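Student: So I've got this file, coords.pdb, and it contains PDB, C-alpha atoms:
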ATOM      1  CA  MET A 835      19.797  -8.036  -1.045
ATOM      2  CA  LEU A 836      17.294  -5.751  -2.772
ATOM      3  CA  SER A 837      16.707  -8.270  -5.563
ATOM      4  CA  VAL A 838      16.020 -11.046  -3.045
ATOM      5  CA  LEU A 839      13.678  -8.782  -1.127
ATOM      6  CA  TRP A 840      11.824  -7.859  -4.312
ATOM      7  CA  VAL A 841      11.288 -11.547  -5.107
ATOM      8  CA  GLU A 842       9.818 -12.106  -1.639
ATOM      9  CA  ILE A 843       7.498  -9.128  -2.054
ATOM     10  CA  ARG A 844       6.248 -10.537  -5.363
ATOM     11  CA  LYS A 845       5.580 -13.861  -3.671
ATOM     12  CA  LEU A 846       3.432 -12.087  -1.093
ATOM     13  CA  ASN A 847       1.239 -10.741  -3.892
ATOM     14  CA  ARG A 848       0.278 -14.319  -4.746
ATOM     15  CA  SER A 849      -0.432 -15.341  -1.155
ATOM     16  CA  LEU A 850      -3.083 -14.681   1.491
ATOM     17  CA  ALA A 851      -0.665 -12.546   3.508
ATOM     18  CA  LEU A 852      -1.945  -9.252   2.093
ATOM     19  CA  LEU A 853      -5.546 -10.316   2.761
ATOM     20  CA  LEU A 854      -4.577 -11.018   6.374
ATOM     21  CA  ALA A 855      -2.844  -7.633   6.594
ATOM     22  CA  VAL A 856      -6.144  -5.936   5.738
ATOM     23  CA  ALA A 857      -8.539  -8.297   7.527
ATOM     24  CA  ALA A 858      -6.956  -8.026  11.001
ATOM     25  CA  PRO A 859      -7.183  -4.193  11.280
ATOM     26  CA  CYS A 860     -10.692  -4.311   9.775
ATOM     27  CA  LEU A 861     -11.870  -6.542  12.604
ATOM     28  CA  ILE A 862     -10.747  -3.945  15.139
ATOM     29  CA  GLY A 863     -12.389  -1.244  13.052
ATOM     30  CA  ILE A 864     -15.699  -3.127  13.051
ATOM     31  CA  PHE A 865     -15.472  -3.540  16.813
ATOM     32  CA  ALA A 866     -14.705   0.180  17.233
ATOM     33  CA  PHE A 867     -17.695   1.140  15.070
ATOM     34  CA  PHE A 868     -20.192  -0.861  17.121
ATOM     35  CA  ASN A 869     -18.507  -0.063  20.428
ATOM     36  CA  VAL A 870     -18.739   3.688  19.846
ATOM     37  CA  GLY A 871     -22.284   3.383  18.528
ATOM     38  CA  ARG A 872     -23.649   1.744  21.653
ATOM     39  CA  PHE A 873     -23.019   4.879  23.753
ATOM     40  CA  ASP A 874     -25.360   7.853  24.075
ATOM     41  CA  GLU A 875     -22.725  10.334  25.228
ATOM     42  CA  PRO A 876     -19.522  11.323  23.394
ATOM     43  CA  GLY A 877     -16.128  10.183  24.589
ATOM     44  CA  PRO A 878     -12.709  11.696  23.903
ATOM     45  CA  TRP A 879     -10.757  10.764  20.794
ATOM     46  CA  VAL A 880      -7.834   9.622  22.904
ATOM     47  CA  GLN A 881     -10.051   6.975  24.507
ATOM     48  CA  TRP A 882     -11.087   5.362  21.225
ATOM     49  CA  LEU A 883      -7.626   5.475  19.643
ATOM     50  CA  ARG A 884      -5.954   4.087  22.751
ATOM     51  CA  THR A 885      -8.566   1.326  23.008
ATOM     52  CA  SER A 886      -7.795   0.371  19.421
ATOM     53  CA  VAL A 887      -4.059   0.165  20.159
ATOM     54  CA  GLY A 888      -4.791  -1.863  23.287
ATOM     55  CA  LEU A 889      -6.863  -4.430  21.360
ATOM     56  CA  TRP A 890      -4.127  -4.645  18.747
ATOM     57  CA  ALA A 891      -1.367  -5.188  21.314
ATOM     58  CA  PHE A 892      -3.390  -7.476  23.573
ATOM     59  CA  PHE A 893      -4.779 -10.022  21.123
ATOM     60  CA  MET A 894      -4.810  -9.187  17.419
ATOM     61  CA  LEU A 895      -1.056  -8.525  17.061
ATOM     62  CA  PRO A 896       0.149 -11.879  18.462
ATOM     63  CA  MET A 897      -2.487 -13.814  16.516
ATOM     64  CA  SER A 898      -1.690 -11.904  13.319
ATOM     65  CA  VAL A 899       2.041 -12.571  13.718
ATOM     66  CA  THR A 900       1.287 -16.268  14.272
ATOM     67  CA  ALA A 901      -0.762 -16.511  11.085
ATOM     68  CA  LEU A 902       1.536 -14.270   9.052
ATOM     69  CA  THR A 903       4.766 -16.128   9.834
ATOM     70  CA  ALA A 904       3.043 -19.441   9.121
ATOM     71  CA  LEU A 905       1.807 -18.154   5.753
ATOM     72  CA  VAL A 906       5.222 -16.819   4.752
ATOM     73  CA  ALA A 907       6.940 -20.056   5.758
ATOM     74  CA  GLN A 908       4.411 -22.315   4.024
ATOM     75  CA  MET A 909       5.092 -20.571   0.713
ATOM     76  CA  GLU A 910       8.352 -22.570   0.737
ATOM     77  CA  HIS A 911       7.466 -25.538   2.948
ATOM     78  CA  ALA A 912       4.346 -26.586   1.029
ATOM     79  CA  PRO A 913       5.937 -26.870  -2.457
ATOM     80  CA  ARG A 914       9.229 -28.089  -0.908
ATOM     81  CA  SER A 915      11.177 -25.341  -2.614
ATOM     82  CA  TRP A 916      13.890 -24.870   0.024
ATOM     83  CA  ASP A 917      16.407 -27.010  -1.893
ATOM     84  CA  HIS A 918      16.016 -24.761  -4.914
ATOM     85  CA  LEU A 919      16.239 -21.541  -2.902
ATOM     86  CA  ARG A 920      19.281 -22.613  -0.931
ATOM     87  CA  SER A 921      21.096 -23.720  -4.096
ATOM     88  CA  LEU A 922      20.873 -20.265  -5.660
ATOM     89  CA  PRO A 923      24.113 -18.206  -5.896
ATOM     90  CA  VAL A 924      22.923 -15.978  -3.056
ATOM     91  CA  PRO A 925      24.077 -16.081   0.577
ATOM     92  CA  ARG A 926      21.487 -18.101   2.471
ATOM     93  CA  TRP A 927      21.120 -15.516   5.195
ATOM     94  CA  ARG A 928      19.782 -13.032   2.650
ATOM     95  CA  ILE A 929      16.840 -15.312   1.864
ATOM     96  CA  TYR A 930      15.790 -15.514   5.504
ATOM     97  CA  ALA A 931      16.555 -11.854   6.127
ATOM     98  CA  ALA A 932      14.321 -10.899   3.190
ATOM     99  CA  LYS A 933      11.485 -13.015   4.568
ATOM    100  CA  MET A 934      11.977 -11.485   7.998
ATOM    101  CA  THR A 935      11.892  -7.996   6.475
ATOM    102  CA  CYS A 936       8.628  -8.806   4.691
ATOM    103  CA  VAL A 937       7.060 -10.036   7.925
ATOM    104  CA  LEU A 938       8.115  -6.913   9.821
ATOM    105  CA  GLY A 939       6.963  -4.699   6.960
ATOM    106  CA  LEU A 940       3.508  -6.291   6.938
ATOM    107  CA  VAL A 941       3.220  -5.955  10.715
ATOM    108  CA  ILE A 942       4.041  -2.247  10.410
ATOM    109  CA  LEU A 943       1.492  -1.930   7.597
ATOM    110  CA  MET A 944      -1.164  -3.600   9.742
ATOM    111  CA  SER A 945      -0.403  -1.204  12.598
ATOM    112  CA  VAL A 946      -0.834   1.814  10.330
ATOM    113  CA  LEU A 947      -4.042   0.372   8.875
ATOM    114  CA  ASN A 948      -5.312  -0.290  12.373
ATOM    115  CA  LEU A 949      -4.995   3.394  13.229
ATOM    116  CA  ALA A 950      -6.495   4.572   9.914
ATOM    117  CA  ILE A 951      -9.404   2.117   9.924
ATOM    118  CA  THR A 952     -10.238   2.837  13.555
ATOM    119  CA  TYR A 953     -10.354   6.561  12.814
ATOM    120  CA  GLY A 954     -12.612   5.919   9.854
ATOM    121  CA  ALA A 955     -14.883   3.617  11.855
ATOM    122  CA  VAL A 956     -15.299   6.137  14.669
ATOM    123  CA  GLU A 957     -15.959   8.920  12.163
ATOM    124  CA  LEU A 958     -18.589   6.794  10.432
ATOM    125  CA  ALA A 959     -20.305   5.997  13.728
ATOM    126  CA  ALA A 960     -20.290   9.696  14.649
ATOM    127  CA  THR A 961     -21.729  10.629  11.249
ATOM    128  CA  LEU A 962     -24.601   8.194  11.665
ATOM    129  CA  LYS A 963     -25.126   9.254  15.279
ATOM    130  CA  PRO A 964     -23.932  12.877  15.729
ATOM    131  CA  ALA A 965     -24.635  12.909  19.464
ATOM    132  CA  ILE A 966     -21.646  10.609  20.093
ATOM    133  CA  ARG A 967     -19.070  12.524  18.022
ATOM    134  CA  PRO A 968     -15.804  12.270  20.002
ATOM    135  CA  THR A 969     -14.587  15.318  21.867
ATOM    136  CA  GLY A 970     -11.210  16.936  21.396
ATOM    137  CA  GLU A 971      -8.864  16.308  18.484
ATOM    138  CA  PRO A 972      -7.340  12.940  17.513
ATOM    139  CA  ASP A 973      -3.673  12.973  18.526
ATOM    140  CA  PHE A 974      -2.209  10.876  15.736
ATOM    141  CA  ALA A 975       1.382  11.638  16.714
ATOM    142  CA  ALA A 976       0.962  10.292  20.256
ATOM    143  CA  THR A 977      -0.961   7.265  18.984
ATOM    144  CA  ALA A 978       1.705   6.545  16.356
ATOM    145  CA  LEU A 979       4.392   6.767  19.058
ATOM    146  CA  LEU A 980       2.457   4.291  21.194
ATOM    147  CA  LEU A 981       2.069   1.943  18.233
ATOM    148  CA  GLY A 982       5.814   2.202  17.650
ATOM    149  CA  LYS A 983       6.481   1.157  21.226
ATOM    150  CA  VAL A 984       4.064  -1.751  20.870
ATOM    151  CA  LEU A 985       5.881  -2.944  17.747
ATOM    152  CA  THR A 986       9.278  -2.565  19.396
ATOM    153  CA  ALA A 987       8.194  -4.577  22.434
ATOM    154  CA  ALA A 988       6.752  -7.256  20.123
ATOM    155  CA  LEU A 989      10.061  -7.903  18.310
ATOM    156  CA  LEU A 990      11.015 -10.804  20.568
ATOM    157  CA  MET A 991       7.670 -12.496  19.952
ATOM    158  CA  VAL A 992       8.032 -11.945  16.197
ATOM    159  CA  ALA A 993      11.521 -13.476  16.241
ATOM    160  CA  ILE A 994      10.338 -16.582  18.102
ATOM    161  CA  GLN A 995       7.326 -17.080  15.837
ATOM    162  CA  PHE A 996       9.406 -16.527  12.706
ATOM    163  CA  TRP A 997      12.009 -19.048  13.793
ATOM    164  CA  ALA A 998       9.391 -21.688  14.658
ATOM    165  CA  ALA A 999       7.519 -21.202  11.378
ATOM    166  CA  MET A1000      10.699 -21.489   9.300
ATOM    167  CA  ARG A1001      12.242 -24.275  11.367
ATOM    168  CA  PHE A1002       9.382 -26.780  11.118
ATOM    169  CA  SER A1003       7.951 -27.847   7.783
ATOM    170  CA  SER A1004       4.537 -28.412   9.349
ATOM    171  CA  PHE A1005       2.553 -25.301  10.280
ATOM    172  CA  VAL A1006       1.214 -26.987  13.424
ATOM    173  CA  PRO A1007       4.159 -26.302  15.809
ATOM    174  CA  ALA A1008       4.237 -22.577  14.957
ATOM    175  CA  LEU A1009       0.450 -22.261  15.254
ATOM    176  CA  ALA A1010       0.419 -24.157  18.543
ATOM    177  CA  LEU A1011       3.195 -21.921  19.871
ATOM    178  CA  GLY A1012       1.384 -18.738  18.864
ATOM    179  CA  ILE A1013      -2.027 -19.828  20.137
ATOM    180  CA  GLY A1014      -0.534 -21.099  23.393
ATOM    181  CA  GLY A1015       1.513 -17.942  23.901
ATOM    182  CA  THR A1016      -1.508 -15.725  23.275
ATOM    183  CA  PHE A1017      -3.671 -17.807  25.590
ATOM    184  CA  PHE A1018      -1.259 -17.575  28.513
ATOM    185  CA  ALA A1019      -0.704 -13.855  27.847
ATOM    186  CA  VAL A1020      -4.449 -13.205  28.005
ATOM    187  CA  ALA A1021      -5.034 -15.497  30.980
ATOM    188  CA  ALA A1022      -2.177 -13.995  33.010
ATOM    189  CA  THR A1023      -2.596 -10.353  32.044
ATOM    190  CA  SER A1024      -2.183  -8.994  35.560
ATOM    191  CA  ALA A1025       0.625 -11.353  36.585
ATOM    192  CA  LYS A1026       3.738  -9.522  37.733
ATOM    193  CA  GLN A1027       5.963 -11.981  35.868
ATOM    194  CA  GLY A1028       4.015 -11.380  32.643
ATOM    195  CA  VAL A1029       6.288  -8.496  31.747
ATOM    196  CA  PHE A1030       8.985 -11.103  30.974
ATOM    197  CA  PHE A1031       6.683 -13.154  28.713
ATOM    198  CA  PRO A1032       7.281 -12.315  25.013
ATOM    199  CA  TRP A1033       3.594 -12.498  24.051
ATOM    200  CA  GLN A1034       2.677 -10.024  26.785
ATOM    201  CA  MET A1035       5.414  -7.442  26.277
ATOM    202  CA  ALA A1036       3.483  -5.444  23.662
ATOM    203  CA  VAL A1037       0.541  -4.804  25.971
ATOM    204  CA  ASN A1038       2.829  -3.975  28.897
ATOM    205  CA  VAL A1039       4.167  -0.877  27.148
ATOM    206  CA  MET A1040       0.629   0.503  27.294
ATOM    207  CA  GLY A1041       1.236   1.213  30.971
ATOM    208  CA  GLU A1042       3.881   3.194  32.817
ATOM    209  CA  GLY A1043       6.759   2.660  35.199
ATOM    210  CA  TRP A1044       8.949  -0.404  35.394
ATOM    211  CA  ARG A1045       6.604  -2.644  33.401
ATOM    212  CA  HIS A1046       6.690  -0.223  30.476
ATOM    213  CA  ASP A1047      10.473   0.194  30.604
ATOM    214  CA  THR A1048      11.183  -3.508  31.114
ATOM    215  CA  ALA A1049       8.911  -4.662  28.296
ATOM    216  CA  LEU A1050      10.332  -2.079  25.917
ATOM    217  CA  ALA A1051      13.951  -2.914  26.764
ATOM    218  CA  LEU A1052      13.535  -6.691  26.687
ATOM    219  CA  GLY A1053      11.160  -6.834  23.751
ATOM    220  CA  GLY A1054      13.171  -4.399  21.669
ATOM    221  CA  GLY A1055      16.736  -5.127  22.778
ATOM    222  CA  VAL A1056      16.592  -8.895  23.171
ATOM    223  CA  GLY A1057      14.143  -9.043  20.263
ATOM    224  CA  ALA A1058      16.606  -7.404  17.867
ATOM    225  CA  ILE A1059      19.304  -9.884  18.921
ATOM    226  CA  ALA A1060      16.841 -12.768  18.548
ATOM    227  CA  LEU A1061      15.939 -11.662  15.024
ATOM    228  CA  VAL A1062      19.609 -11.766  13.977
ATOM    229  CA  ALA A1063      20.158 -15.084  15.790
ATOM    230  CA  ALA A1064      17.135 -16.636  14.063
ATOM    231  CA  VAL A1065      18.385 -15.645  10.615
ATOM    232  CA  ILE A1066      21.895 -16.975  11.359
ATOM    233  CA  HIS A1067      20.629 -20.280  12.771
ATOM    234  CA  LEU A1068      18.176 -20.905   9.936
ATOM    235  CA  SER A1069      20.745 -20.105   7.269
ATOM    236  CA  ARG A1070      23.271 -22.548   8.748
ATOM    237  CA  ARG A1071      21.040 -25.570   9.292
ATOM    238  CA  GLU A1072      20.377 -28.099   6.574
ATOM    239  CA  VAL A1073      16.796 -28.523   5.409
ATOM    240  CA  PRO A1074      15.832 -32.172   4.908
TER     241      PRO A1074
END
Output the structure of this file as structure tokens.

Tutor:
Amino acid sequence: MLSVLWVEIRKLNRSLALLLAVAAPCLIGIFAFFNVGRFDEPGPWVQWLRTSVGLWAFFMLPMSVTALTALVAQMEHAPRSWDHLRSLPVPRWRIYAAKMTCVLGLVILMSVLNLAITYGAVELAATLKPAIRPTGEPDFAATALLLGKVLTAALLMVAIQFWAAMRFSSFVPALALGIGGTFFAVAATSAKQGVFFPWQMAVNVMGEGWRHDTALALGGGVGAIALVAAVIHLSRREVP
């Protein structure tokens, strides 16, 4: 399994996936820099860090997962290399599991970068404009815990996007699914039923009460099952 995973990691080095992993958090960092700079009074650190996590969960995470899964899948779809991969003396499920692991690893990396880049952006804004330096101390532990919950709740969405990207040789169905899911999640943010919508589960853990608990349980629990089911289904089907 480790050898298959290492091969997939080397493939990522020759793709645009790593560029995406850096670009997405940087966009939030740029927004944080200008957002903090437009104020004349300082705000608390918790406000800026939580806003960053909210932007990540609300929009950038689902769009990043959509693009990332499509990129990882097209590394095999575009050159039509599935026949070669599936003929190797390696259990097929390991190939898909390695790709899934790479996707999850990059999503975790992007989450960590999002926190680090946001901190740096706010610090830079405060250096250029000392009057707005945030009050209090940045609680990285609490923010990391919140990011962990966001990632857990997003597992079901990741599983669905991964399956669609690997299942269809064209990148259009997976992109349409991701864009459509993000659109409805944004448009129906306050809908009570939104807590059951995979693309909205990540942002629902930002709150409290039943929405938080439901999104975390469904996104994490059902998501973990969906990840395993996706790998099993993809490894058993024949690729034309």

Student: Which residues are near Asn948 in chain A? Cut-off 9 Å, only C-alpha atoms, ignore same chain within fewer than 3 positions. Put them as number ranges by chain.

Tutor: A: 856, 858-860, 862-863, 886-887, 890, 943-945, 951-953

Student: Which residues are near range 1006-1023 of chain A? Cut-off 12 Å, all atoms listed in the file, ignore same chain within fewer than 3 positions. Put them as number ranges by chain.

Tutor: A: 889, 891-908, 991-1003, 1026-1038

Student: Pull out every residue that the PyMOL selection byres ((chain A and resi 928) around 9) matches in the shown coordinates and put them as a PyMOL selection string.

Tutor: chain A and resi 835+838-839+924-927+929-933+1065+1069

Student: Would you mind reading off the distance between CA of Gln881 in chain A and CA of Pro968 in chain A, one decimal, in Å?

Tutor: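 Result for CA of Gln881 in chain A versus CA of Pro968 in chain A: 9.0 Å, one decimal.
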
Student: Using all atoms listed in the file, which residue out of A:Ala866, A:Ala1025, A:Ala851, A:Ala976 lies closest to Trp882 in chain A?

Tutor: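 Under the stated criterion, the closest residue is A:Ala866.
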